[in-house]
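What's in protein-v6.txt: compact mmCIF, C-alpha atoms
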# COMPACT_ATOMS: atom_id res chain seq x y z
CA MET A 884 73.22 -14.72 37.83
CA PRO A 885 71.32 -11.56 38.85
CA LEU A 886 68.71 -11.92 41.58
CA GLN A 887 64.99 -11.29 41.20
CA LYS A 888 63.84 -7.73 41.91
CA GLY A 889 61.20 -6.98 44.53
CA LYS A 890 57.62 -6.09 43.65
CA ASN A 891 58.23 -2.32 43.49
CA ASN A 892 62.03 -2.56 43.39
CA CYS A 893 62.38 -0.35 46.45
CA ILE A 894 63.14 -0.54 50.15
CA THR A 895 59.44 -0.58 51.07
CA ASP A 896 59.16 -4.06 49.51
CA ILE A 897 60.13 -5.17 53.01
CA ALA A 898 56.79 -5.38 54.86
CA GLY A 899 56.33 -2.56 57.36
CA VAL A 900 59.13 -0.32 56.11
CA GLN A 901 57.99 3.22 55.35
CA VAL A 902 59.66 6.23 53.71
CA GLY A 903 58.66 9.90 53.90
CA HIS A 904 60.06 13.05 52.30
CA VAL A 905 59.88 16.78 52.92
CA THR A 906 61.35 18.87 50.09
CA LEU A 907 62.32 22.53 50.47
CA TYR A 908 62.88 24.58 47.33
CA GLU A 909 62.67 28.37 47.19
CA LYS A 910 64.64 30.87 45.14
CA LEU A 911 65.17 33.77 47.56
CA ASN A 912 67.13 36.09 45.24
CA ASN A 913 69.82 35.94 42.56
CA GLU A 914 72.33 34.56 45.04
CA GLU A 915 70.45 32.44 47.55
CA THR A 916 68.28 29.37 46.98
CA ILE A 917 66.91 26.91 49.49
CA CYS A 918 67.34 23.53 47.83
CA THR A 919 67.31 20.79 50.45
CA GLY A 920 65.05 18.57 52.53
CA VAL A 921 64.55 15.65 54.89
CA THR A 922 63.93 11.94 54.32
CA ALA A 923 62.69 9.52 57.00
CA ILE A 924 63.01 5.72 56.90
CA LEU A 925 60.86 3.84 59.42
CA PRO A 926 61.61 0.13 59.99
CA HIS A 927 57.98 -0.58 60.95
CA LYS A 928 54.65 1.15 61.60
CA GLY A 929 54.65 0.73 65.36
CA ASN A 930 56.46 2.45 68.20
CA LEU A 931 60.14 2.20 67.31
CA PHE A 932 61.32 2.83 70.86
CA THR A 933 59.25 0.10 72.51
CA GLU A 934 59.71 -2.33 69.57
CA LYS A 935 63.34 -1.90 68.52
CA VAL A 936 64.94 -3.70 65.58
CA HIS A 937 68.38 -5.28 65.28
CA ALA A 938 70.76 -3.03 63.34
CA ALA A 939 74.37 -2.13 62.68
CA SER A 940 76.38 0.49 60.81
CA TYR A 941 79.59 0.42 58.82
CA VAL A 942 81.75 3.45 58.11
CA ILE A 943 83.62 3.01 54.82
CA ASN A 944 85.12 6.50 54.96
CA GLY A 945 84.43 8.68 57.96
CA TYR A 946 84.29 12.21 56.55
CA GLY A 947 80.74 12.61 57.86
CA LYS A 948 78.66 14.12 60.63
CA ALA A 949 76.09 11.40 61.29
CA SER A 950 74.57 11.03 64.76
CA GLY A 951 73.60 7.96 66.77
CA LEU A 952 76.00 5.43 65.25
CA ILE A 953 78.03 4.86 68.44
CA GLN A 954 75.13 3.49 70.47
CA LEU A 955 73.67 1.74 67.42
CA ASP A 956 76.83 -0.35 67.10
CA GLU A 957 77.32 -0.78 70.84
CA LEU A 958 73.88 -2.29 71.48
CA GLY A 959 72.99 -3.50 67.99
CA LEU A 960 69.53 -1.97 68.18
CA LEU A 961 67.73 0.79 66.29
CA GLU A 962 65.06 2.64 68.27
CA SER A 963 64.24 5.66 66.09
CA PRO A 964 63.56 6.42 62.44
CA ILE A 965 66.66 6.75 60.27
CA MET A 966 66.70 10.38 59.17
CA LEU A 967 68.62 11.87 56.23
CA THR A 968 69.29 15.56 55.53
CA ASN A 969 72.08 18.03 54.72
CA THR A 970 75.25 18.44 56.78
CA PHE A 971 74.23 21.60 58.65
CA SER A 972 70.75 20.24 59.49
CA VAL A 973 71.69 17.18 61.55
CA GLY A 974 70.92 19.18 64.72
CA PRO A 975 67.39 20.37 63.91
CA VAL A 976 66.47 17.01 62.37
CA MET A 977 67.66 15.25 65.51
CA GLU A 978 65.65 17.70 67.61
CA GLY A 979 62.47 17.22 65.59
CA THR A 980 62.80 13.44 65.61
CA LEU A 981 63.37 13.53 69.37
CA GLN A 982 60.22 15.66 69.79
CA PHE A 983 58.22 13.12 67.77
CA MET A 984 59.52 10.21 69.83
CA LEU A 985 58.99 12.05 73.14
CA ALA A 986 55.34 12.63 72.20
CA GLN A 987 54.97 8.89 71.56
CA ASN A 988 56.78 7.78 74.72
CA LYS A 989 55.91 9.71 77.88
CA GLU A 990 58.36 7.62 79.92
CA LEU A 991 61.41 8.91 78.00
CA GLY A 992 63.61 11.07 80.22
CA GLU A 993 61.89 9.54 83.24
CA SER A 994 61.56 5.80 83.91
CA ALA A 995 62.85 4.71 80.46
CA GLY A 996 66.06 6.74 80.30
CA THR A 997 66.96 8.34 76.97
CA ILE A 998 66.68 7.51 73.27
CA ASN A 999 69.24 7.23 70.48
CA ILE A 1000 68.28 9.27 67.39
CA VAL A 1001 70.01 8.31 64.12
CA VAL A 1002 70.60 11.02 61.51
CA GLY A 1003 72.75 10.77 58.37
CA GLU A 1004 73.85 13.60 56.10
CA CYS A 1005 75.48 14.71 52.86
CA ASN A 1006 76.75 18.16 51.88
CA ASP A 1007 74.38 19.84 49.38
CA SER A 1008 76.08 23.26 49.49
CA HIS A 1009 76.80 23.40 45.73
CA LEU A 1010 73.08 23.96 45.05
CA ASN A 1011 71.67 24.73 48.49
CA SER A 1012 72.29 27.89 50.50
CA ILE A 1013 73.30 25.68 53.38
CA ARG A 1014 74.34 28.57 55.67
CA ILE A 1015 70.71 29.68 55.88
CA GLN A 1016 69.89 26.43 57.73
CA ALA A 1017 66.37 26.29 56.33
CA VAL A 1018 65.54 22.86 57.75
CA THR A 1019 63.67 23.05 61.06
CA PRO A 1020 62.62 20.41 63.61
CA SER A 1021 59.07 20.58 62.23
CA HIS A 1022 60.31 19.38 58.84
CA ALA A 1023 61.70 16.22 60.47
CA ILE A 1024 58.36 15.57 62.17
CA GLU A 1025 56.54 16.15 58.89
CA ALA A 1026 58.79 13.68 57.05
CA ILE A 1027 58.05 11.01 59.66
CA GLN A 1028 54.31 11.70 59.51
CA LYS A 1029 54.34 11.50 55.70
CA ALA A 1030 56.10 8.13 55.68
CA SER A 1031 54.24 5.44 53.76
CA SER A 1032 54.81 1.90 52.54
CA GLY A 1033 54.05 2.62 48.88
CA LYS A 1034 56.48 3.02 46.03
CA VAL A 1035 59.24 5.40 47.07
CA GLU A 1036 59.66 8.71 45.26
CA GLU A 1037 63.22 9.06 44.02
CA GLY A 1038 65.63 11.62 42.63
CA ALA A 1039 65.68 15.29 43.62
CA ILE A 1040 63.30 14.90 46.53
CA GLY A 1041 63.51 15.07 50.30
CA ALA A 1042 67.10 15.00 51.52
CA GLY A 1043 68.16 14.49 47.90
CA LYS A 1044 66.81 17.79 46.57
CA GLY A 1045 70.22 19.51 46.45
CA MET A 1046 72.52 16.53 46.00
CA MET A 1047 74.81 15.67 43.06
CA CYS A 1048 76.18 12.37 41.78
CA PHE A 1049 78.92 11.84 39.18
CA GLY A 1050 78.60 15.50 38.15
CA TYR A 1051 74.87 15.23 37.49
CA LYS A 1052 71.76 15.62 39.60
CA GLY A 1053 71.62 12.92 42.25
CA GLY A 1054 69.58 12.39 45.38
CA ILE A 1055 67.37 9.55 46.59
CA GLY A 1056 67.52 6.14 44.94
CA THR A 1057 66.22 2.73 45.94
CA ALA A 1058 66.09 -0.89 44.77
CA SER A 1059 65.37 -4.37 46.16
CA ARG A 1060 66.18 -8.03 45.60
CA VAL A 1061 64.56 -11.33 46.63
CA VAL A 1062 66.49 -14.40 47.81
CA THR A 1063 65.29 -17.93 48.58
CA ALA A 1064 66.29 -20.39 51.30
CA ALA A 1065 64.46 -23.72 51.42
CA ASP A 1066 60.78 -22.69 51.35
CA GLU A 1067 61.45 -19.16 52.65
CA LYS A 1068 61.80 -15.98 50.61
CA TYR A 1069 63.59 -12.95 51.99
CA THR A 1070 63.78 -9.43 50.60
CA VAL A 1071 66.69 -7.01 50.81
CA GLY A 1072 66.11 -3.33 50.03
CA CYS A 1073 68.50 -0.41 49.73
CA LEU A 1074 67.83 3.32 49.88
CA VAL A 1075 70.67 5.73 49.12
CA LEU A 1076 71.32 9.43 49.38
CA THR A 1077 73.91 10.09 46.65
CA ASN A 1078 76.25 13.05 46.60
CA PHE A 1079 79.61 11.83 45.28
CA GLY A 1080 81.76 11.17 42.24
CA LYS A 1081 83.10 12.86 39.11
CA ARG A 1082 81.85 12.22 35.59
CA ASP A 1083 84.98 10.40 34.45
CA GLN A 1084 84.66 7.93 37.34
CA ALA A 1085 81.29 6.45 36.32
CA LEU A 1086 81.60 2.83 35.15
CA PHE A 1087 77.98 2.43 34.04
CA ALA A 1088 77.92 5.23 31.46
CA ASP A 1089 80.23 7.18 29.15
CA PHE A 1090 79.44 10.66 30.40
CA PRO A 1091 80.77 13.78 28.65
CA LYS A 1092 83.85 14.91 30.54
CA LEU A 1093 83.05 18.12 32.39
CA GLU A 1094 84.76 18.99 35.63
CA ILE A 1095 82.46 20.69 38.13
CA PRO A 1096 84.28 22.23 41.13
CA THR A 1097 82.48 20.47 43.99
CA PRO A 1098 83.62 18.86 47.25
CA ASP A 1099 84.44 15.13 47.25
CA GLY A 1100 80.89 14.39 48.40
CA SER A 1101 79.27 11.58 50.34
CA ILE A 1102 76.73 8.76 50.29
CA MET A 1103 74.38 7.35 52.89
CA MET A 1104 73.23 3.77 52.25
CA VAL A 1105 70.38 2.21 54.23
CA ILE A 1106 69.82 -1.55 53.96
CA ALA A 1107 66.60 -3.19 55.16
CA THR A 1108 65.73 -6.88 55.19
CA ASP A 1109 63.11 -9.22 56.57
CA ALA A 1110 65.70 -11.99 56.87
CA PRO A 1111 66.22 -12.99 60.53
CA LEU A 1112 69.67 -11.58 61.23
CA TYR A 1113 71.23 -10.04 64.32
CA ASP A 1114 73.57 -7.08 64.58
CA ARG A 1115 76.88 -8.83 63.79
CA GLN A 1116 75.38 -10.29 60.64
CA LEU A 1117 73.79 -6.97 59.73
CA LYS A 1118 77.19 -5.30 59.95
CA ARG A 1119 78.39 -7.87 57.41
CA LEU A 1120 75.53 -6.82 55.11
CA ALA A 1121 76.41 -3.15 55.65
CA LYS A 1122 80.03 -3.87 54.69
CA HIS A 1123 78.92 -5.32 51.35
CA THR A 1124 77.48 -1.96 50.27
CA THR A 1125 81.14 -1.15 49.58
CA ALA A 1126 81.12 -3.56 46.62
CA GLY A 1127 77.91 -2.07 45.20
CA LEU A 1128 79.32 1.44 45.58
CA ALA A 1129 82.58 0.43 43.90
CA ARG A 1130 80.72 -1.14 40.97
CA THR A 1131 79.43 2.31 40.02
CA GLY A 1132 82.96 3.74 39.98
CA SER A 1133 83.27 5.51 43.32
CA HIS A 1134 86.84 6.13 44.48
CA ILE A 1135 85.65 6.64 48.09
CA ALA A 1136 87.50 9.93 48.18
CA ASN A 1137 89.40 11.45 51.09
CA GLY A 1138 86.69 14.04 51.77
CA SER A 1139 83.77 11.64 51.31
CA GLY A 1140 81.50 10.32 54.04
CA ASP A 1141 80.50 6.81 52.93
CA ILE A 1142 78.29 5.27 55.59
CA ALA A 1143 75.94 2.27 55.60
CA ILE A 1144 73.23 1.30 58.10
CA ALA A 1145 71.52 -2.10 57.96
CA PHE A 1146 68.52 -3.34 59.93
CA SER A 1147 66.26 -6.38 60.03
CA THR A 1148 62.52 -6.23 60.63
CA ALA A 1149 62.56 -9.79 62.03
CA ASN A 1150 63.09 -10.52 65.73
CA LYS A 1151 61.84 -7.20 67.12
CA HIS A 1152 63.28 -6.40 70.55
CA SER A 1153 60.73 -5.36 73.16
CA HIS A 1154 61.86 -2.54 75.45
CA GLN A 1155 59.33 -3.66 78.04
CA ALA A 1156 60.47 -7.28 78.39
CA ASN A 1157 61.22 -8.23 82.00
CA GLY A 1158 63.21 -11.44 81.62
CA HIS A 1159 66.99 -11.47 81.91
CA THR A 1160 67.42 -13.72 78.86
CA GLU A 1161 66.14 -13.58 75.32
CA SER A 1162 66.14 -16.04 72.41
CA ILE A 1163 66.05 -15.26 68.71
CA THR A 1164 66.10 -17.29 65.52
CA TYR A 1165 68.69 -16.28 62.95
CA ILE A 1166 70.20 -17.57 59.72
CA ARG A 1167 73.36 -19.64 60.06
CA ASP A 1168 76.39 -17.82 58.68
CA SER A 1169 77.45 -20.97 56.86
CA HIS A 1170 74.15 -21.37 55.01
CA LYS A 1171 74.31 -20.56 51.31
CA VAL A 1172 71.55 -17.97 51.68
CA MET A 1173 74.06 -15.64 53.34
CA ASN A 1174 75.93 -15.35 50.05
CA GLN A 1175 72.64 -14.55 48.33
CA LEU A 1176 71.96 -11.84 50.91
CA PHE A 1177 75.40 -10.36 50.26
CA GLN A 1178 74.69 -10.43 46.51
CA ALA A 1179 71.31 -8.78 47.12
CA VAL A 1180 72.98 -5.94 49.03
CA ILE A 1181 75.55 -5.40 46.27
CA GLU A 1182 73.02 -5.46 43.42
CA SER A 1183 70.45 -3.27 45.16
CA THR A 1184 73.07 -0.72 46.25
CA GLU A 1185 74.47 -0.41 42.74
CA GLU A 1186 71.01 -0.07 41.19
CA ALA A 1187 69.79 2.37 43.83
CA ILE A 1188 72.72 4.70 43.07
CA ILE A 1189 72.00 4.62 39.33
CA SER A 1190 68.27 5.04 40.01
CA SER A 1191 68.98 8.24 41.99
CA LEU A 1192 70.40 9.67 38.74
CA GLN A 1193 67.70 8.29 36.47
CA ASN A 1194 64.89 9.77 38.55
CA ALA A 1195 66.37 13.19 39.29
CA GLU A 1196 65.67 16.29 37.21
CA THR A 1197 67.74 19.27 36.15
CA THR A 1198 67.84 21.65 39.12
CA GLU A 1199 68.83 25.30 39.52
CA GLY A 1200 70.32 26.22 42.85
CA LYS A 1201 72.13 29.09 44.51
CA LYS A 1202 74.15 31.62 42.49
CA GLY A 1203 72.38 30.47 39.33
CA ARG A 1204 74.15 27.11 39.36
CA VAL A 1205 72.40 24.47 37.27
CA VAL A 1206 73.03 20.74 37.66
CA GLU A 1207 71.70 18.69 34.77
CA LYS A 1208 69.81 15.43 34.77
CA ALA A 1209 72.11 12.57 33.77
CA PRO A 1210 71.69 11.31 30.19
CA LEU A 1211 70.49 7.87 31.30
CA ASN A 1212 67.48 5.83 30.25
CA ASN A 1213 65.19 4.55 32.99
Rewritten as structure tokens:
Amino acid sequence: MPLQKGKNNCITDIAGVQVGHVTLYEKLNNEETICTGVTAILPHKGNLFTEKVHAASYVINGYGKASGLIQLDELGLLESPIMLTNTFSVGPVMEGTLQFMLAQNKELGESAGTINIVVGECNDSHLNSIRIQAVTPSHAIEAIQKASSGKVEEGAIGAGKGMMCFGYKGGIGTASRVVTAADEKYTVGCLVLTNFGKRDQALFADFPKLEIPTPDGSIMMVIATDAPLYDRQLKRLAKHTTAGLARTGSHIANGSGDIAIAFSTANKHSHQANGHTESITYIRDSHKVMNQLFQAVIESTEEAIISSLQNAETTEGKKGRVVEKAPLNN
């Protein structure tokens, strides 16, 4: 039985989570078009370095250039916004996010050591003149500053401006689900950056068969929840995005970067704590609510992918290439 959707059916249904976009679109000449952007996901409204959240990642297929996942999985903590952009802009987005966090935390690089910046990417070079490298560090800062907790804008926006999905215009999509345990309700939200798939692979629609010569593509999937989970459990949630992705028809191709990041807003980890021990409350793995959380991840991932298509619009990119909006009802 399908689970209940969240209030706005998006990742910001989890209290405190914010999303911000910066979209770049400019036709420079007949050959070159800037068609890209940056998206920022903030786990809460406070200082992410001093109030870290438990997190984990899962690499389904590793044809990707994400940053920050090694330390994220080693320590199980997220201490920066999760940033999304195009493949060639991981560097400037990391730099801009670092600048933002340095301004917030004067002790970084001094008494507090360093910070781990997390950036995910997909290749938008079919529509975007990616070699121009139009994204700058200031765009990353702007995306963070624009982040809000309202209903998330979807489709060809932010990092999704130049992305494709199943041969149609893709981009940003999001969805959420609510689960119940005893007297407690927990919300799971998913935000995706879609850039994968061929038309004949889609299981949710009978698309006209038209082969567009594009790379295998990628997807970034970000899972947020207010359920009290720690990093090992969050990795289990991240793994279940695979089922939601497969439900849409993805083959998880050889040249595809399919990466999931999951975090919980419960049990924040204080950087400034002095004690040598720490206690947290978390859901028992054997409790039936864990299966509901897995189901919530699967359903919200599947719907977020389809929503990225439903909310995108026909877009013209470099060399006069046009990628159409998918013939799907909202």
Give the answer as one residue: which of A:Asn1137, A:Gln1028, A:Ser972, A:Ser1021 has the shortest atom-to-atom distance to Ile924 in chain A, using only C-alpha atoms?
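Among A:Asn1137, A:Gln1028, A:Ser972, A:Ser1021, it is A:Gln1028 that comes nearest to Ile924 in chain A.
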Measuring atom to atom with all atoms listed in the file, identify which of A:Ala1039, A:Ala1156, A:Leu1117, A:Val942 is nearest to Gly959 in chain A.
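Of the candidates, the smallest distance to Gly959 in chain A is held by A:Leu1117.
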Adding 8 Å on each side of the box along x, y and z that holds all listed atoms of range 929-944 of chain A, could you give its centre and edge lengths in Å to one decimal, as JSON?
{"center_x": 69.9, "center_y": 0.6, "center_z": 63.7, "size_x": 46.5, "size_y": 27.8, "size_z": 33.7}
List every residue of range 909-933 of chain A that has an atom at most 8 Å from any atom of range 1198-1205 of chain A, giving for each one its closest atom pair and the distance in Å to one decimal, counting all atoms listed in the file, sorted by chain and then by ascending residue number, as a tab-separated table.
residue	atom	partner	partner_atom	distance
A:Lys910	CA	A:Gly1200	CA	7.7
A:Asn913	CA	A:Lys1202	CA	6.1
A:Glu914	CA	A:Lys1202	CA	4.3
A:Glu915	CA	A:Lys1201	CA	4.8
A:Thr916	CA	A:Lys1201	CA	4.6
A:Ile917	CA	A:Gly1200	CA	7.5
A:Cys918	CA	A:Gly1200	CA	6.4
For a quick check of your reading of the model, name the residues lying within 12 Å of the coordinate (60.8, 8.8, 76.2), counting all atoms listed in the file, and write them as a PyMOL selection string.
chain A and resi 930-933+962-963+980-1000+1154
Residues of range 1108-1138 of chain A at most 12 Å from range 1069-1080 of chain A: nearest atom pair and distance in Å, all atoms listed in the file, as CSV:
residue,atom,partner,partner_atom,distance
A:Thr1108,CA,A:Val1071,CA,4.5
A:Asp1109,CA,A:Tyr1069,CA,5.9
A:Ala1110,CA,A:Tyr1069,CA,5.4
A:Pro1111,CA,A:Tyr1069,CA,8.9
A:Leu1112,CA,A:Tyr1069,CA,11.1
A:Leu1117,CA,A:Val1071,CA,11.4
A:Leu1120,CA,A:Val1071,CA,9.8
A:Ala1121,CA,A:Cys1073,CA,10.3
A:His1123,CA,A:Cys1073,CA,11.6
A:Thr1124,CA,A:Cys1073,CA,9.1
A:Gly1127,CA,A:Cys1073,CA,10.6
A:Leu1128,CA,A:Thr1077,CA,10.3
A:Ala1129,CA,A:Gly1080,CA,10.9
A:Thr1131,CA,A:Gly1080,CA,9.4
A:Gly1132,CA,A:Gly1080,CA,7.9
A:Ser1133,CA,A:Gly1080,CA,6.0
A:His1134,CA,A:Gly1080,CA,7.5
A:Ile1135,CA,A:Gly1080,CA,8.4
A:Ala1136,CA,A:Gly1080,CA,8.4
A:Asn1137,CA,A:Phe1079,CA,11.4
A:Gly1138,CA,A:Phe1079,CA,9.9
Neighbours of Asn891 in chain A within 9 Å (only C-alpha atoms; same-chain residues fewer than 6 positions away dropped), as a short mmCIF file (atom, residue, chain, number, x, y, z; two decimals) with C-alpha atoms, keeping the file's coordinate frame?
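Once written, around.cif looks like this:
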data_model
loop_
_atom_site.label_atom_id
_atom_site.label_comp_id
_atom_site.auth_asym_id
_atom_site.auth_seq_id
_atom_site.Cartn_x
_atom_site.Cartn_y
_atom_site.Cartn_z
CA GLY A 1033 54.05 2.62 48.88
CA LYS A 1034 56.48 3.02 46.03
CA VAL A 1035 59.24 5.40 47.07
CA ALA A 1058 66.09 -0.89 44.77
CA SER A 1059 65.37 -4.37 46.16
#
Smallest atom-to-atom distance to Val1002 in chain A: which of A:Thr1063, A:Glu934, A:Gly945, A:Thr922, using all atoms listed in the file?
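For Val1002 in chain A, the nearest of the candidates is A:Thr922.
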For a quick check of understanding, using all atoms listed in the file, which of A:Thr906, A:Thr1057, A:Thr1197, A:Ser1101 has the smallest distance to Ala949 in chain A?
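Of the candidates, the smallest distance to Ala949 in chain A is held by A:Ser1101.
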Work out how far apart CA of Pro975 in chain A and CA of Leu925 in chain A are and give it in Å to one decimal.
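CA of Leu925 in chain A lies at a distance of 18.3 Å from CA of Pro975 in chain A.
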Nearest to Asp1089 in chain A by atom-to-atom distance, counting all atoms listed in the file, from A:Pro1020, A:Pro1210, A:His1159, A:Thr919
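Checking each candidate against Asp1089 in chain A, we get A:Pro1210 as the closest.
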Looking at only C-alpha atoms, which of A:Lys1151, A:Arg1130, A:His1170, A:Arg1060 is the one that sits closest to Asn892 in chain A?
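Of A:Lys1151, A:Arg1130, A:His1170, A:Arg1060, the one nearest Asn892 in chain A is A:Arg1060, counting only C-alpha atoms.
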Two-atom distance - CA of Arg1082 in chain A, CA of Lys1122 in chain A (Å)
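Between these atoms lies a distance of 25.0 Å.
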Can you tell me, as a list in words, what residues are no more than 12 Å from Leu907 in chain A when counting only C-alpha atoms, ignoring any on the same chain fewer than 5 positions away?
Thr916, Ile917, Cys918, Thr919, Gly920, Val921, Thr922, Thr968, Asn969, Asn1011, Ser1012, Ile1013, Gln1016, Ala1017, Val1018, Thr1019, His1022, Ala1023, Ala1026, Ala1039, Ile1040, Gly1041, Ala1042, Gly1043, Lys1044, Gly1045 and Gly1200 of chain A
Give me the residues near Asp956 in chain A as a list in words, where near means some atom within 8 Å (using all atoms listed in the file) and where sequence neighbours in that chain fewer than 6 positions away do not count.
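The contact residues come out as Ala938, Ala939, Ser940 and Asp1114 of chain A.
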From (67.1, 10.8, 61.1), in the file's coordinates, out to 6 Å: which residues are reached, counting only C-alpha atoms? Answer as a ChimeraX atom specification.
/A:964-967,1001-1002
Atom pair CA of Leu1192 in chain A / CA of Gly1053 in chain A: separation (Å):
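Separating CA of Leu1192 in chain A from CA of Gly1053 in chain A is a distance of 4.9 Å.
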Residues within 10 Å of Asn1212 in chain A, please, as a PyMOL selection string. Count all atoms listed in the file; anything in the same chain fewer than 3 positions from it doesn't count.
chain A and resi 1190+1192-1194+1209
